[in-house]
$ cat coords-v3.json   # JSON, C-alpha atoms
[["chain", "number", "residue", "atom", "x", "y", "z"],
["A", 1, "MET", "CA", 7.90, -48.08, 28.38],
["A", 2, "LYS", "CA", 9.45, -46.66, 25.20],
["A", 3, "PRO", "CA", 6.05, -46.45, 23.38],
["A", 4, "VAL", "CA", 4.60, -44.57, 26.36],
["A", 5, "ILE", "CA", 7.46, -42.04, 26.28],
["A", 6, "ILE", "CA", 6.98, -41.53, 22.53],
["A", 7, "PHE", "CA", 3.24, -41.10, 23.03],
["A", 8, "ILE", "CA", 3.76, -38.52, 25.80],
["A", 9, "PHE", "CA", 6.37, -36.72, 23.69],
["A", 10, "ASN", "CA", 3.86, -36.51, 20.83],
["A", 11, "LEU", "CA", 1.18, -35.15, 23.13],
["A", 12, "ILE", "CA", 3.45, -32.50, 24.59],
["A", 13, "VAL", "CA", 5.48, -31.40, 21.55],
["A", 14, "ILE", "CA", 3.76, -32.37, 18.33],
["A", 15, "ALA", "CA", 0.04, -32.29, 19.13],
["A", 16, "PRO", "CA", -0.07, -28.57, 19.95],
["A", 17, "CYS", "CA", 1.36, -27.86, 16.50],
["A", 18, "LEU", "CA", -1.40, -29.74, 14.72],
["A", 19, "GLY", "CA", -4.02, -27.39, 13.41],
["A", 20, "GLN", "CA", -1.78, -24.38, 13.79],
["A", 21, "GLU", "CA", -1.65, -22.17, 10.76],
["A", 22, "SER", "CA", 1.65, -21.51, 9.05],
["A", 23, "ILE", "CA", 2.92, -17.97, 8.65],
["A", 24, "THR", "CA", 2.63, -18.44, 4.88],
["A", 25, "SER", "CA", -1.03, -19.42, 4.95],
["A", 26, "ALA", "CA", -1.92, -16.61, 7.37],
["A", 27, "ILE", "CA", -0.29, -13.94, 5.18],
["A", 28, "GLU", "CA", -1.63, -15.54, 1.99],
["A", 29, "ARG", "CA", -5.19, -15.48, 3.33],
["A", 30, "GLN", "CA", -4.95, -11.76, 4.16],
["A", 31, "PHE", "CA", -3.26, -10.92, 0.86],
["A", 32, "SER", "CA", -5.84, -12.84, -1.19],
["A", 33, "ASN", "CA", -8.66, -10.99, 0.56],
["A", 34, "ILE", "CA", -7.04, -7.61, -0.08],
["A", 35, "GLU", "CA", -6.36, -8.61, -3.70],
["A", 36, "ARG", "CA", -10.02, -9.55, -4.25],
["A", 37, "HIS", "CA", -11.22, -6.23, -2.80],
["A", 38, "ILE", "CA", -8.78, -4.18, -4.86],
["A", 39, "LEU", "CA", -9.37, -5.99, -8.15],
["A", 40, "THR", "CA", -13.15, -5.83, -7.93],
["A", 41, "THR", "CA", -12.95, -2.16, -6.99],
["A", 42, "ALA", "CA", -10.57, -1.38, -9.87],
["A", 43, "GLU", "CA", -12.80, -3.24, -12.33],
["A", 44, "ALA", "CA", -15.92, -1.41, -11.07],
["A", 45, "MET", "CA", -14.66, 2.02, -12.13],
["A", 46, "PRO", "CA", -15.76, 2.79, -15.72],
["A", 47, "GLU", "CA", -12.87, 3.48, -18.09],
["A", 48, "ASP", "CA", -14.14, 7.02, -18.76],
["A", 49, "LYS", "CA", -13.70, 7.77, -15.04],
["A", 50, "PHE", "CA", -10.36, 6.03, -14.59],
["A", 51, "ASN", "CA", -8.59, 9.40, -14.47],
["A", 52, "PHE", "CA", -11.01, 10.77, -11.86],
["A", 53, "THR", "CA", -9.56, 12.72, -8.97],
["A", 54, "PRO", "CA", -11.52, 14.40, -6.15],
["A", 55, "GLU", "CA", -9.89, 17.64, -7.26],
["A", 56, "ASN", "CA", -12.34, 17.57, -10.21],
["A", 57, "LEU", "CA", -15.29, 17.99, -7.84],
["A", 58, "HIS", "CA", -14.19, 21.41, -6.54],
["A", 59, "ILE", "CA", -15.50, 20.66, -3.04],
["A", 60, "GLN", "CA", -15.54, 23.83, -0.97],
["A", 61, "ASN", "CA", -12.87, 23.92, 1.78],
["A", 62, "SER", "CA", -11.22, 20.73, 0.52],
["A", 63, "ASP", "CA", -7.60, 20.22, -0.47],
["A", 64, "PHE", "CA", -7.30, 17.61, -3.19],
["A", 65, "LYS", "CA", -4.84, 19.55, -5.33],
["A", 66, "GLY", "CA", -2.31, 17.20, -6.86],
["A", 67, "VAL", "CA", -3.70, 13.91, -5.48],
["A", 68, "ARG", "CA", -3.41, 10.82, -7.64],
["A", 69, "THR", "CA", -6.13, 9.90, -10.08],
["A", 70, "PHE", "CA", -7.98, 6.61, -9.62],
["A", 71, "ALA", "CA", -5.68, 5.10, -12.28],
["A", 72, "GLY", "CA", -2.72, 6.68, -10.51],
["A", 73, "GLN", "CA", -3.75, 5.03, -7.23],
["A", 74, "ILE", "CA", -3.75, 1.63, -8.94],
["A", 75, "MET", "CA", -0.45, 2.22, -10.73],
["A", 76, "HIS", "CA", 1.22, 3.30, -7.48],
["A", 77, "LEU", "CA", -0.22, 0.36, -5.55],
["A", 78, "ALA", "CA", 0.85, -2.14, -8.22],
["A", 79, "THR", "CA", 4.33, -0.64, -8.43],
["A", 80, "ASP", "CA", 4.81, -0.67, -4.69],
["A", 81, "ASN", "CA", 3.53, -4.26, -4.59],
["A", 82, "ILE", "CA", 6.36, -5.12, -6.97],
["A", 83, "LEU", "CA", 8.94, -3.04, -5.10],
["A", 84, "ILE", "CA", 7.93, -4.39, -1.67],
["A", 85, "TRP", "CA", 7.37, -8.09, -2.46],
["A", 86, "SER", "CA", 10.32, -8.61, -4.84],
["A", 87, "PRO", "CA", 13.09, -8.29, -2.20],
["A", 88, "ILE", "CA", 11.44, -11.00, -0.08],
["A", 89, "ASN", "CA", 12.31, -13.71, -2.59],
["A", 90, "GLY", "CA", 15.08, -11.89, -4.45],
["A", 91, "ALA", "CA", 13.05, -11.37, -7.63],
["A", 92, "SER", "CA", 14.22, -8.72, -10.06],
["A", 93, "VAL", "CA", 12.12, -5.64, -10.68],
["A", 94, "ARG", "CA", 10.86, -4.65, -14.13],
["A", 95, "ALA", "CA", 13.30, -2.39, -15.95],
["A", 96, "ASP", "CA", 10.57, 0.09, -16.93],
["A", 97, "ILE", "CA", 9.79, 1.03, -13.32],
["A", 98, "GLU", "CA", 11.42, 4.40, -12.79],
["A", 99, "ASP", "CA", 9.56, 5.51, -9.65],
["A", 100, "VAL", "CA", 6.70, 4.50, -7.34],
["A", 101, "ASN", "CA", 4.11, 5.55, -9.92],
["A", 102, "GLY", "CA", 4.98, 2.78, -12.36],
["A", 103, "PRO", "CA", 5.82, 2.46, -16.03],
["A", 104, "LYS", "CA", 4.78, 5.47, -18.10],
["A", 105, "ASN", "CA", 3.68, 3.35, -21.06],
["A", 106, "ILE", "CA", 0.77, 1.69, -19.19],
["A", 107, "LYS", "CA", -2.30, 3.87, -19.78],
["A", 108, "THR", "CA", -5.58, 2.06, -20.53],
["A", 109, "LYS", "CA", -7.84, 0.50, -17.94],
["A", 110, "LYS", "CA", -7.11, -2.96, -19.35],
["A", 111, "GLU", "CA", -3.32, -2.42, -19.21],
["A", 112, "ILE", "CA", -3.49, -0.97, -15.70],
["A", 113, "ILE", "CA", -5.55, -3.88, -14.36],
["A", 114, "GLU", "CA", -3.21, -6.40, -16.01],
["A", 115, "TYR", "CA", -0.25, -4.62, -14.38],
["A", 116, "LEU", "CA", -2.08, -4.73, -11.03],
["A", 117, "LYS", "CA", -2.78, -8.46, -11.42],
["A", 118, "SER", "CA", 0.88, -9.13, -12.24],
["A", 119, "SER", "CA", 1.90, -7.27, -9.08],
["A", 120, "PHE", "CA", -0.32, -9.55, -7.01],
["A", 121, "GLU", "CA", 1.26, -12.61, -8.67],
["A", 122, "ILE", "CA", 4.66, -11.35, -7.49],
["A", 123, "GLY", "CA", 3.23, -10.99, -3.98],
["A", 124, "HIS", "CA", 1.87, -14.55, -3.97],
["A", 125, "LYS", "CA", 5.24, -15.91, -5.12],
["A", 126, "ALA", "CA", 7.05, -13.97, -2.38],
["A", 127, "ILE", "CA", 4.60, -15.12, 0.28],
["A", 128, "SER", "CA", 5.11, -18.74, -0.74],
["A", 129, "THR", "CA", 8.79, -18.41, 0.19],
["A", 130, "LEU", "CA", 8.14, -17.12, 3.73],
["A", 131, "THR", "CA", 8.62, -19.57, 6.56],
["A", 132, "THR", "CA", 8.88, -19.37, 10.30],
["A", 133, "GLN", "CA", 12.60, -19.95, 9.87],
["A", 134, "ASN", "CA", 13.28, -17.12, 7.39],
["A", 135, "ALA", "CA", 10.62, -14.53, 8.31],
["A", 136, "MET", "CA", 13.08, -12.58, 10.44],
["A", 137, "ASP", "CA", 15.92, -12.74, 7.91],
["A", 138, "MET", "CA", 17.17, -9.23, 7.22],
["A", 139, "ILE", "CA", 17.00, -7.86, 3.68],
["A", 140, "ASP", "CA", 17.83, -4.50, 2.15],
["A", 141, "PHE", "CA", 14.83, -2.30, 1.45],
["A", 142, "ARG", "CA", 15.09, 1.35, 0.47],
["A", 143, "GLY", "CA", 18.46, 1.82, 2.08],
["A", 144, "ARG", "CA", 17.87, -0.02, 5.34],
["A", 145, "GLN", "CA", 17.83, -3.55, 6.68],
["A", 146, "LEU", "CA", 14.42, -4.97, 7.57],
["A", 147, "PRO", "CA", 13.09, -8.44, 8.37],
["A", 148, "LYS", "CA", 11.15, -10.10, 5.53],
["A", 149, "LEU", "CA", 8.11, -10.22, 7.80],
["A", 150, "ASP", "CA", 8.15, -6.42, 8.19],
["A", 151, "LEU", "CA", 7.95, -6.05, 4.43],
["A", 152, "ALA", "CA", 5.04, -8.49, 4.25],
["A", 153, "PHE", "CA", 3.15, -6.50, 6.89],
["A", 154, "TYR", "CA", 4.01, -3.25, 5.11],
["A", 155, "ALA", "CA", 2.71, -4.62, 1.80],
["A", 156, "LEU", "CA", -0.57, -5.71, 3.41],
["A", 157, "THR", "CA", -1.04, -2.37, 5.17],
["A", 158, "HIS", "CA", -0.11, -0.33, 2.10],
["A", 159, "ALA", "CA", -2.54, -2.27, -0.11],
["A", 160, "ASN", "CA", -5.34, -1.76, 2.43],
["A", 161, "GLU", "CA", -4.66, 1.98, 2.58],
["A", 162, "HIS", "CA", -4.99, 2.28, -1.18],
["A", 163, "TYR", "CA", -8.09, 0.09, -1.26],
["A", 164, "GLY", "CA", -9.69, 2.57, 1.13],
["A", 165, "GLN", "CA", -8.80, 5.49, -1.13],
["A", 166, "MET", "CA", -10.07, 3.63, -4.20],
["A", 167, "ALA", "CA", -13.36, 2.87, -2.45],
["A", 168, "ILE", "CA", -13.84, 6.56, -1.64],
["A", 169, "TYR", "CA", -13.08, 7.54, -5.25],
["A", 170, "LEU", "CA", -15.73, 5.05, -6.43],
["A", 171, "ARG", "CA", -18.30, 6.50, -4.04],
["A", 172, "MET", "CA", -17.46, 10.04, -5.22],
["A", 173, "CYS", "CA", -18.38, 8.79, -8.71],
["A", 174, "GLY", "CA", -21.67, 7.34, -7.44],
["A", 175, "ILE", "CA", -20.52, 3.71, -7.44],
["A", 176, "VAL", "CA", -20.80, 1.41, -4.43],
["A", 177, "PRO", "CA", -17.58, -0.63, -4.05],
["A", 178, "PRO", "CA", -18.28, -4.30, -4.87],
["A", 179, "PRO", "CA", -16.77, -5.61, -1.60],
["A", 180, "THR", "CA", -19.27, -3.44, 0.31],
["A", 181, "ILE", "CA", -22.17, -4.94, -1.63],
["A", 182, "SER", "CA", -21.01, -8.52, -0.99],
["A", 183, "GLU", "CA", -20.37, -7.81, 2.72],
["A", 184, "LYS", "CA", -23.93, -6.52, 3.16],
["A", 185, "SER", "CA", -25.25, -9.95, 2.16],
["A", 186, "TYR", "CA", -23.82, -11.60, 5.32]]

$ encode --input "coords-v3.json" --output "structure tokens"
Amino acid sequence: MKPVIIFIFNLIVIAPCLGQESITSAIERQFSNIERHILTTAEAMPEDKFNFTPENLHIQNSDFKGVRTFAGQIMHLATDNILIWSPINGASVRADIEDVNGPKNIKTKKEIIEYLKSSFEIGHKAISTLTTQNAMDMIDFRGRQLPKLDLAFYALTHANEHYGQMAIYLRMCGIVPPPTISEKSY
């Protein structure tokens, strides 16, 4: 009788959990996809156009005054990646980050992309610490208490928003974003 009870217990309690994705793997999958889109898009912009802004086009009836350059988009995204993901696992933030636009000493395309890559590494490390048990743990973020999971969602959303802006900047420079090219092959 005891083996039958154990078998039924396994069917009812354990079996439904098999094949279910963990919160970590679900967030990691989304983050890796966003990372791939952003990195290929950043690398596609020629260095001589890295400081492009739609304001340069003087489009009639448009209002692009003061918007970030392409490089500025990447610097902001990378910096916010660091500022958003670091609290999830308690990592310290670089001392040279003074605001959401990143360190002032990072200027070349190569340096900017390396900074971007390092921000994604911080995100992957933070994601690896998320579990079903700690996802709703409250942490301090910009003066308020939020669950770790909220910050993960915010980081994913924020990265996607900036990918969209970067893709538009590429198209304004006559370049098709690499993720668009690869998606057309499906």

$ atom_distance --input "coords-v3.json" --atom1 "CA of Ile112 in chain A" --atom2 "CA of Thr41 in chain A"
12.9 Å

$ atom_distance --input "coords-v3.json" --atom1 "CA of Pro179 in chain A" --atom2 "CA of Asn33 in chain A"
10.0 Å

$ closest_residue --input "coords-v3.json" --among "A:Met166, A:Val176, A:Asp150, A:His124" --to "Gln30 in chain A" --atoms "only C-alpha atoms"
A:His124

$ closest_residue --input "coords-v3.json" --among "A:Ile168, A:Met136, A:Ile106, A:Ile97" --to "Phe52 in chain A" --atoms "only C-alpha atoms"
A:Ile168

$ closest_residue --input "coords-v3.json" --among "A:Val67, A:Leu170, A:Ile27, A:Ala78" --to "Tyr115 in chain A" --atoms "all atoms listed in the file"
A:Ala78

$ residues_around --input "coords-v3.json" --residues "Asn51 in chain A" --least-positions-apart "4" --cutoff "6 Å" --atoms "all atoms listed in the file" --output "list in words"
Thr69, Phe70 and Ala71 of chain A

$ closest_residue --input "coords-v3.json" --among "A:Asn101, A:Leu130, A:Gly164, A:Glu35" --to "Ser118 in chain A" --atoms "only C-alpha atoms"
A:Glu35

$ atom_distance --input "coords-v3.json" --atom1 "CA of Lys107 in chain A" --atom2 "CA of Glu47 in chain A"
10.7 Å

$ closest_residue --input "coords-v3.json" --among "A:Ala26, A:Ala167, A:Ile74, A:Ala91" --to "Glu121 in chain A" --atoms "all atoms listed in the file"
A:Ala91

$ closest_residue --input "coords-v3.json" --among "A:Trp85, A:Arg94, A:Lys49, A:Lys65" --to "Ser128 in chain A" --atoms "all atoms listed in the file"
A:Trp85

$ residues_around --input "coords-v3.json" --residues "Ile34 in chain A" --least-positions-apart "2" --cutoff "12 Å" --atoms "only C-alpha atoms" --output "list in words"
Ile27, Glu28, Arg29, Gln30, Phe31, Ser32, Arg36, His37, Ile38, Leu39, Thr40, Thr41, Leu77, Asn81, Phe120, Gly123, His124, Ala155, Leu156, Thr157, His158, Ala159, Asn160, Glu161, His162, Tyr163, Gly164 and Pro179 of chain A

$ residues_near_point --input "coords-v3.json" --point "(8.1, -7.9, 7.2)" --cutoff "12 Å" --atoms "only C-alpha atoms" --output "ChimeraX atom specification"
/A:23,27,84-85,87-88,126-127,130-132,134-141,145-157

$ axis_aligned_box --input "coords-v3.json" --around "range 118-123 of chain A" --padding-each-side "8 Å" --output "lines of an AutoDock Vina configuration file"
center_x = 2.2
center_y = -9.9
center_z = -8.1
size_x = 21.0
size_y = 21.3
size_z = 24.3

$ residues_around --input "coords-v3.json" --residues "Phe64 in chain A" --least-positions-apart "4" --cutoff "12 Å" --atoms "all atoms listed in the file" --output "ChimeraX atom specification"
/A:52-60,68-69,169

$ write_last_selection --input "coords-v3.json" --atoms "C-alpha atoms" --output "PDB file, in the coordinates of the input"
ATOM      1  CA  PHE A  52     -11.010  10.770 -11.860  1.00  0.00           C
ATOM      2  CA  THR A  53      -9.560  12.720  -8.970  1.00  0.00           C
ATOM      3  CA  PRO A  54     -11.520  14.400  -6.150  1.00  0.00           C
ATOM      4  CA  GLU A  55      -9.890  17.640  -7.260  1.00  0.00           C
ATOM      5  CA  ASN A  56     -12.340  17.570 -10.210  1.00  0.00           C
ATOM      6  CA  LEU A  57     -15.290  17.990  -7.840  1.00  0.00           C
ATOM      7  CA  HIS A  58     -14.190  21.410  -6.540  1.00  0.00           C
ATOM      8  CA  ILE A  59     -15.500  20.660  -3.040  1.00  0.00           C
ATOM      9  CA  GLN A  60     -15.540  23.830  -0.970  1.00  0.00           C
ATOM     10  CA  ARG A  68      -3.410  10.820  -7.640  1.00  0.00           C
ATOM     11  CA  THR A  69      -6.130   9.900 -10.080  1.00  0.00           C
ATOM     12  CA  TYR A 169     -13.080   7.540  -5.250  1.00  0.00           C
TER      13      TYR A 169
END

$ build_atoms --input "coords-v3.json" --residues "range 157-168 of chain A" --atoms "all heavy atoms" --output "PDB file, in the frame of the given file"
ATOM      1  N   THR A 157      -0.525  -3.647   4.681  1.00  0.00           N
ATOM      2  CA  THR A 157      -1.040  -2.370   5.170  1.00  0.00           C
ATOM      3  C   THR A 157      -1.160  -1.367   4.026  1.00  0.00           C
ATOM      4  O   THR A 157      -2.183  -0.676   3.886  1.00  0.00           O
ATOM      5  CB  THR A 157      -0.114  -1.809   6.265  1.00  0.00           C
ATOM      6  OG1 THR A 157      -0.015  -2.765   7.311  1.00  0.00           O
ATOM      7  CG2 THR A 157      -0.622  -0.500   6.818  1.00  0.00           C
ATOM      8  N   HIS A 158      -0.126  -1.282   3.217  1.00  0.00           N
ATOM      9  CA  HIS A 158      -0.110  -0.330   2.100  1.00  0.00           C
ATOM     10  C   HIS A 158      -1.249  -0.632   1.122  1.00  0.00           C
ATOM     11  O   HIS A 158      -1.957   0.278   0.679  1.00  0.00           O
ATOM     12  CB  HIS A 158       1.254  -0.412   1.395  1.00  0.00           C
ATOM     13  CG  HIS A 158       1.403   0.573   0.288  1.00  0.00           C
ATOM     14  ND1 HIS A 158       1.258   0.220  -1.030  1.00  0.00           N
ATOM     15  CD2 HIS A 158       1.678   1.905   0.310  1.00  0.00           C
ATOM     16  CE1 HIS A 158       1.444   1.292  -1.786  1.00  0.00           C
ATOM     17  NE2 HIS A 158       1.696   2.321  -0.998  1.00  0.00           N
ATOM     18  N   ALA A 159      -1.461  -1.889   0.810  1.00  0.00           N
ATOM     19  CA  ALA A 159      -2.540  -2.270  -0.110  1.00  0.00           C
ATOM     20  C   ALA A 159      -3.895  -1.893   0.487  1.00  0.00           C
ATOM     21  O   ALA A 159      -4.769  -1.375  -0.224  1.00  0.00           O
ATOM     22  CB  ALA A 159      -2.471  -3.766  -0.412  1.00  0.00           C
ATOM     23  N   ASN A 160      -4.076  -2.125   1.781  1.00  0.00           N
ATOM     24  CA  ASN A 160      -5.340  -1.760   2.430  1.00  0.00           C
ATOM     25  C   ASN A 160      -5.579  -0.257   2.408  1.00  0.00           C
ATOM     26  O   ASN A 160      -6.710   0.201   2.223  1.00  0.00           O
ATOM     27  CB  ASN A 160      -5.365  -2.266   3.875  1.00  0.00           C
ATOM     28  CG  ASN A 160      -6.168  -3.523   4.022  1.00  0.00           C
ATOM     29  OD1 ASN A 160      -7.117  -3.764   3.287  1.00  0.00           O
ATOM     30  ND2 ASN A 160      -5.793  -4.340   4.975  1.00  0.00           N
ATOM     31  N   GLU A 161      -4.521   0.521   2.617  1.00  0.00           N
ATOM     32  CA  GLU A 161      -4.660   1.980   2.580  1.00  0.00           C
ATOM     33  C   GLU A 161      -5.160   2.430   1.213  1.00  0.00           C
ATOM     34  O   GLU A 161      -6.057   3.271   1.110  1.00  0.00           O
ATOM     35  CB  GLU A 161      -3.321   2.656   2.886  1.00  0.00           C
ATOM     36  CG  GLU A 161      -2.902   2.553   4.324  1.00  0.00           C
ATOM     37  CD  GLU A 161      -1.493   3.074   4.565  1.00  0.00           C
ATOM     38  OE1 GLU A 161      -0.796   3.478   3.601  1.00  0.00           O
ATOM     39  OE2 GLU A 161      -1.077   3.066   5.728  1.00  0.00           O
ATOM     40  N   HIS A 162      -4.587   1.865   0.164  1.00  0.00           N
ATOM     41  CA  HIS A 162      -4.990   2.280  -1.180  1.00  0.00           C
ATOM     42  C   HIS A 162      -6.357   1.726  -1.558  1.00  0.00           C
ATOM     43  O   HIS A 162      -7.103   2.383  -2.295  1.00  0.00           O
ATOM     44  CB  HIS A 162      -3.917   1.944  -2.210  1.00  0.00           C
ATOM     45  CG  HIS A 162      -2.788   2.913  -2.128  1.00  0.00           C
ATOM     46  ND1 HIS A 162      -2.876   4.200  -2.608  1.00  0.00           N
ATOM     47  CD2 HIS A 162      -1.574   2.818  -1.541  1.00  0.00           C
ATOM     48  CE1 HIS A 162      -1.761   4.846  -2.351  1.00  0.00           C
ATOM     49  NE2 HIS A 162      -0.951   4.035  -1.688  1.00  0.00           N
ATOM     50  N   TYR A 163      -6.724   0.574  -1.042  1.00  0.00           N
ATOM     51  CA  TYR A 163      -8.090   0.090  -1.260  1.00  0.00           C
ATOM     52  C   TYR A 163      -9.080   1.095  -0.684  1.00  0.00           C
ATOM     53  O   TYR A 163     -10.081   1.437  -1.318  1.00  0.00           O
ATOM     54  CB  TYR A 163      -8.314  -1.302  -0.641  1.00  0.00           C
ATOM     55  CG  TYR A 163      -9.791  -1.597  -0.522  1.00  0.00           C
ATOM     56  CD1 TYR A 163     -10.565  -1.769  -1.661  1.00  0.00           C
ATOM     57  CD2 TYR A 163     -10.418  -1.623   0.720  1.00  0.00           C
ATOM     58  CE1 TYR A 163     -11.936  -1.974  -1.563  1.00  0.00           C
ATOM     59  CE2 TYR A 163     -11.783  -1.825   0.821  1.00  0.00           C
ATOM     60  CZ  TYR A 163     -12.539  -2.001  -0.315  1.00  0.00           C
ATOM     61  OH  TYR A 163     -13.891  -2.177  -0.218  1.00  0.00           O
ATOM     62  N   GLY A 164      -8.806   1.590   0.512  1.00  0.00           N
ATOM     63  CA  GLY A 164      -9.690   2.570   1.130  1.00  0.00           C
ATOM     64  C   GLY A 164      -9.842   3.827   0.279  1.00  0.00           C
ATOM     65  O   GLY A 164     -10.945   4.352   0.095  1.00  0.00           O
ATOM     66  N   GLN A 165      -8.736   4.308  -0.273  1.00  0.00           N
ATOM     67  CA  GLN A 165      -8.800   5.490  -1.130  1.00  0.00           C
ATOM     68  C   GLN A 165      -9.575   5.198  -2.410  1.00  0.00           C
ATOM     69  O   GLN A 165     -10.390   6.011  -2.854  1.00  0.00           O
ATOM     70  CB  GLN A 165      -7.385   5.974  -1.458  1.00  0.00           C
ATOM     71  CG  GLN A 165      -6.664   6.523  -0.246  1.00  0.00           C
ATOM     72  CD  GLN A 165      -5.214   6.850  -0.524  1.00  0.00           C
ATOM     73  OE1 GLN A 165      -4.862   7.273  -1.619  1.00  0.00           O
ATOM     74  NE2 GLN A 165      -4.360   6.646   0.469  1.00  0.00           N
ATOM     75  N   MET A 166      -9.348   4.015  -2.978  1.00  0.00           N
ATOM     76  CA  MET A 166     -10.070   3.630  -4.200  1.00  0.00           C
ATOM     77  C   MET A 166     -11.567   3.542  -3.934  1.00  0.00           C
ATOM     78  O   MET A 166     -12.378   3.961  -4.769  1.00  0.00           O
ATOM     79  CB  MET A 166      -9.530   2.303  -4.726  1.00  0.00           C
ATOM     80  CG  MET A 166      -8.113   2.380  -5.271  1.00  0.00           C
ATOM     81  SD  MET A 166      -7.377   0.735  -5.553  1.00  0.00           S
ATOM     82  CE  MET A 166      -8.497   0.068  -6.786  1.00  0.00           C
ATOM     83  N   ALA A 167     -11.943   2.993  -2.792  1.00  0.00           N
ATOM     84  CA  ALA A 167     -13.360   2.870  -2.450  1.00  0.00           C
ATOM     85  C   ALA A 167     -14.007   4.252  -2.332  1.00  0.00           C
ATOM     86  O   ALA A 167     -15.143   4.460  -2.793  1.00  0.00           O
ATOM     87  CB  ALA A 167     -13.522   2.081  -1.151  1.00  0.00           C
ATOM     88  N   ILE A 168     -13.311   5.201  -1.755  1.00  0.00           N
ATOM     89  CA  ILE A 168     -13.840   6.560  -1.640  1.00  0.00           C
ATOM     90  C   ILE A 168     -13.982   7.196  -3.017  1.00  0.00           C
ATOM     91  O   ILE A 168     -14.996   7.845  -3.314  1.00  0.00           O
ATOM     92  CB  ILE A 168     -12.952   7.418  -0.704  1.00  0.00           C
ATOM     93  CG1 ILE A 168     -13.093   6.920   0.737  1.00  0.00           C
ATOM     94  CG2 ILE A 168     -13.308   8.899  -0.813  1.00  0.00           C
ATOM     95  CD1 ILE A 168     -12.091   7.499   1.699  1.00  0.00           C
TER      96      ILE A 168
END
